[in-house]
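Structure record follows, encoded as structure tokens.
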Amino acid sequence: MKKSLIFLTICTLVIFTASSQEISIASTNSYTSCEGAVVDSGLSAADYGANENQTITWCPEAPETVLNLYWVVFDLDAASTIYIYDGDDNTAPLVGTYSGDELQGQDIFSGEENVTGCMTIEFTSGPGSSGNFGAYASCGYPCDRPFAIVNPTELQPHYACLNEEVHLEATSSTVADGQEIVEWVWDLGDGTIDNTSGQILTHTYTSPGLYTMNLSLTDDNDCSNNNLLDYQILVSTNPDFTGTSSNVTMCVGDEVDLTGMIQGVLYNAEPSVDFGDGLFIPDDQSQCFYSQLTFTSFNAGAVVNDANVDIQNIFMNFEHSYMGDITITFICPNGGSILVHQQGGGGTFLGEPVDDDGDPDNPGIGYDYWWEPGATNGTWAENIQGTLPSGSYESVQPFTNLNGCPLNGTWEVEVCDLWGSDNGFIFDWSIEFAPELYPEAVSFTPTFGPECDSTWWDGPSIIDDGGDCNIVTISPNEIGVESYIYRGQNDFGCYYDRTIDVTVVGTIPTVTANQTQFCGSPVQMMANIGDVDPEDCEFSWTPSTNLDDSSSQSPTIDFIENTTEYTVSVSYSTSGLTCVSEASIRIETCEITIPNVFSPDNLSTGGNNTWRVEGLDAFNGVKCFIYNRWGTEVYSHIDFGSSAGWDPGIDGAEEGVYYYVLEIPCNEGDELITDQAGVITEFDCNGMVPFTGTIALYRVN
């Protein structure tokens, strides 16, 4: 299939001019430059020969003191060896001994103690040997890429709440010895790019969803990291409170159940996978050229397990006028690589190039080429002809070289051209992974627990939490508005609440009486209802016997024989409700019992150690005086009926006989009945009734 440049209007053509040169190891024994390539004696057009013994010392140009050799081609037969020395000749320290393909894609650079920065390369071949090698020279250290690490002790994904701060720190990120990170660029996944916060960052997300955060690092050697973190941040959706009680109007004193319901809301979104556009890569003999595609939306941590299955093909649309002088390598985010073409093929055309050295920048027509794990028709070099047809081919190295590669991250194509008199262009390239590796729709639902530690009500008048705090019973005892808050915490650690107002209406009655004891004259009771209009109320008194009107707000008691508790029920219609409230009062009779023997159990205070007169609590202002046998006052009280009684332990009273005087106020015309030592006496009241008698005080051993 042919592919014309005219169809790639979205791409931008990048042109590089060939300016450096190949230096054959057989052509000179020393060379000084920060560019160019050292190659075998066959240059790019042929292999090295048998029984060679060649040496070259390559030095950096001043003021540089570090030389790097990047081996773009290294294909030595078993009888051939390259020795590399870190210095000006082969007496310098040996860096290593290499054969086969050991140096393919590797950087070798001069050491710190090498003051000149020169490196010496010694090559030997055996009888019948053939092969080829080539290395680009440059000055300065090669990239030992930094590696980004964020929140290393935290499991992914990170759970976050809307509008709450997310703390990210990358202090554990690594960098090559002697280098330091000079730029931190955070991609927060929501369109925010932060290049000012450095290694510690705080960010707030304002919409729920799944965000993929990444961090780009650059060190002071201008090297950047290739690992994509794909640090997932799940931001909780707002919950659904459907079913939770709304505002309530209720009667004071009633009981009402409040129901709380909260459910997490599903977040669902199709994954967004941006595999980038194709890029032009020109032929350029002065350096290897790199183009990148960044994959961002595979599942976090996903890797190539079996490249023969997980990778369906690697594609390139390409034109070039000399297939024999280029190498093509694909490099994955962790540095793993596969060499798909290593020179070979001589002057075979790729696509339809413009084979005119006078017009090197004019692109031709690219053909579509694929490398597939299951291809059976050989490598490019095994298909030498005038023009390599479009189609699928085998790779020089096996696809399993890519096993363990992260799917997410920056994948690169590296094209190196060791022949300066030709030209070519890559119009587009891509990697096709197996469909099952692509992520499915992203979804999550925050959850709320059913117990009181996850969901609960807060409010002033809760009398029963229902056991799980979701259905509670309230009973306000004051009129007005009370607020109740239903709260929930989900498994993201996010708190939510819904507030309702409870309007409490009705009346809170109290009962008073003109006197709280019946001594013969009528007692009038009153149901007090505050500002409520009595015309809006109905009254019902119980018991109704001896009342002149049990449905009146203020009934009169005509007669009682025993102490009686009267209760009024007030029915009040308001706000569409009929509120019923009750209040009570205790009406005493005019009967008192005065004990004449008292036996406290000890001299301590309180408890059952006091002398009291039953029935006096119905009388206000009762005066009490107690004297010993010598007439000395030991106790007095001006409202004895409301007191706790006489406590001889406080007064230090000893055993013996004591004399008391009680002055009981009593309305004129009423009757007072007393029981003194079993003697029942009826008195006609006349304002004040005095009672006297004796108390025999005995101690209990």
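Letters A, B, ... go to the chains of the structure tokens in the order shown; residues in each chain start at 1; ligands are counted from 1 in the same order.
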- Task: Could you give me, as a PyMOL selection string, the residues within 9 Å of Gly301 (chain A), counting only C-alpha atoms and dropping anything in the same chain fewer than 4 positions from it?
- Result: chain A and resi 229-230+406-408
Just to be explicit: take each residue in the selection above, keep N, CA and C atoms, and write the result as an mmCIF file, in the first residue's frame.
```
data_model
loop_
_atom_site.group_PDB
_atom_site.id
_atom_site.type_symbol
_atom_site.label_atom_id
_atom_site.label_comp_id
_atom_site.auth_asym_id
_atom_site.auth_seq_id
_atom_site.Cartn_x
_atom_site.Cartn_y
_atom_site.Cartn_z
ATOM 1 N N LEU A 229 3.416 7.598 35.668
ATOM 2 C CA LEU A 229 2.937 7.098 36.954
ATOM 3 C C LEU A 229 1.526 6.543 36.854
ATOM 4 N N ASP A 230 0.690 7.214 36.066
ATOM 5 C CA ASP A 230 -0.730 6.840 36.014
ATOM 6 C C ASP A 230 -1.282 6.718 37.418
ATOM 7 N N PRO A 406 6.075 -1.451 30.521
ATOM 8 C CA PRO A 406 4.805 -0.800 30.894
ATOM 9 C C PRO A 406 4.040 -0.392 29.639
ATOM 10 N N LEU A 407 2.722 -0.575 29.676
ATOM 11 C CA LEU A 407 1.917 -0.119 28.541
ATOM 12 C C LEU A 407 1.812 1.402 28.537
ATOM 13 N N ASN A 408 1.604 1.965 29.702
ATOM 14 C CA ASN A 408 1.525 3.419 29.796
ATOM 15 C C ASN A 408 2.924 4.018 29.848
#
```
- Task: List every residue of region 201-241 of chain A that DSSP, applied to the backbone, labels as strand (DSSP E or B), and write the result as a ChimeraX atom specification.
- Result: /A:201-204,209-219,224,227,231-235,240
Take the residues from that selection and put them in a file with C-alpha atoms, as an mmCIF file, in the first residue's frame.
```
data_model
loop_
_atom_site.group_PDB
_atom_site.id
_atom_site.type_symbol
_atom_site.label_atom_id
_atom_site.label_comp_id
_atom_site.auth_asym_id
_atom_site.auth_seq_id
_atom_site.Cartn_x
_atom_site.Cartn_y
_atom_site.Cartn_z
ATOM 1 C CA LEU A 201 2.015 19.694 45.822
ATOM 2 C CA THR A 202 -1.506 20.237 47.124
ATOM 3 C CA HIS A 203 -4.423 20.209 44.707
ATOM 4 C CA THR A 204 -8.208 20.392 44.922
ATOM 5 C CA GLY A 209 -14.422 11.321 38.573
ATOM 6 C CA LEU A 210 -11.266 9.333 37.880
ATOM 7 C CA TYR A 211 -8.188 11.489 37.369
ATOM 8 C CA THR A 212 -4.839 10.159 36.202
ATOM 9 C CA MET A 213 -1.962 12.180 37.590
ATOM 10 C CA ASN A 214 1.499 12.113 36.042
ATOM 11 C CA LEU A 215 4.772 13.785 36.859
ATOM 12 C CA SER A 216 7.509 14.811 34.414
ATOM 13 C CA LEU A 217 11.000 15.303 35.788
ATOM 14 C CA THR A 218 14.022 16.937 34.159
ATOM 15 C CA ASP A 219 17.502 16.846 35.659
ATOM 16 C CA SER A 224 13.688 13.533 31.562
ATOM 17 C CA ASN A 227 7.950 6.398 33.308
ATOM 18 C CA TYR A 231 -1.396 7.697 39.644
ATOM 19 C CA GLN A 232 -5.138 7.273 39.899
ATOM 20 C CA ILE A 233 -7.208 9.656 42.005
ATOM 21 C CA LEU A 234 -10.868 8.795 42.493
ATOM 22 C CA VAL A 235 -12.896 11.835 43.515
ATOM 23 C CA ASP A 240 -28.226 10.735 46.896
#
```
- Task: Select, from A:Arg145, A:Gly253, A:Val657, A:Ala300, the residue with the minimum atom-to-atom distance to Asn225 (chain A), counting only C-alpha atoms.
- Result: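 Checking each candidate against Asn225 (chain A), we get A:Arg145 as the closest.
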- Task: Give me, please, the distance in Å between CA of Asp501 (chain A) and CA of Glu535 (chain A), quoted to one decimal.
- Result: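 Going from CA of Asp501 (chain A) over to CA of Glu535 (chain A), I get 29.0 Å.
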- Message: Let's see if you can do this: from backbone DSSP, list all helix (DSSP H, G or I) residues in region 349-508 of chain A, as a list in words.
- Response: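 Here are the helix (DSSP H, G or I) residues of region 349-508 of chain A: Trp380, Ala381, Glu382, Phe399, Thr400, Asn401, Leu402, Pro435, Glu436 and Leu437 of chain A.
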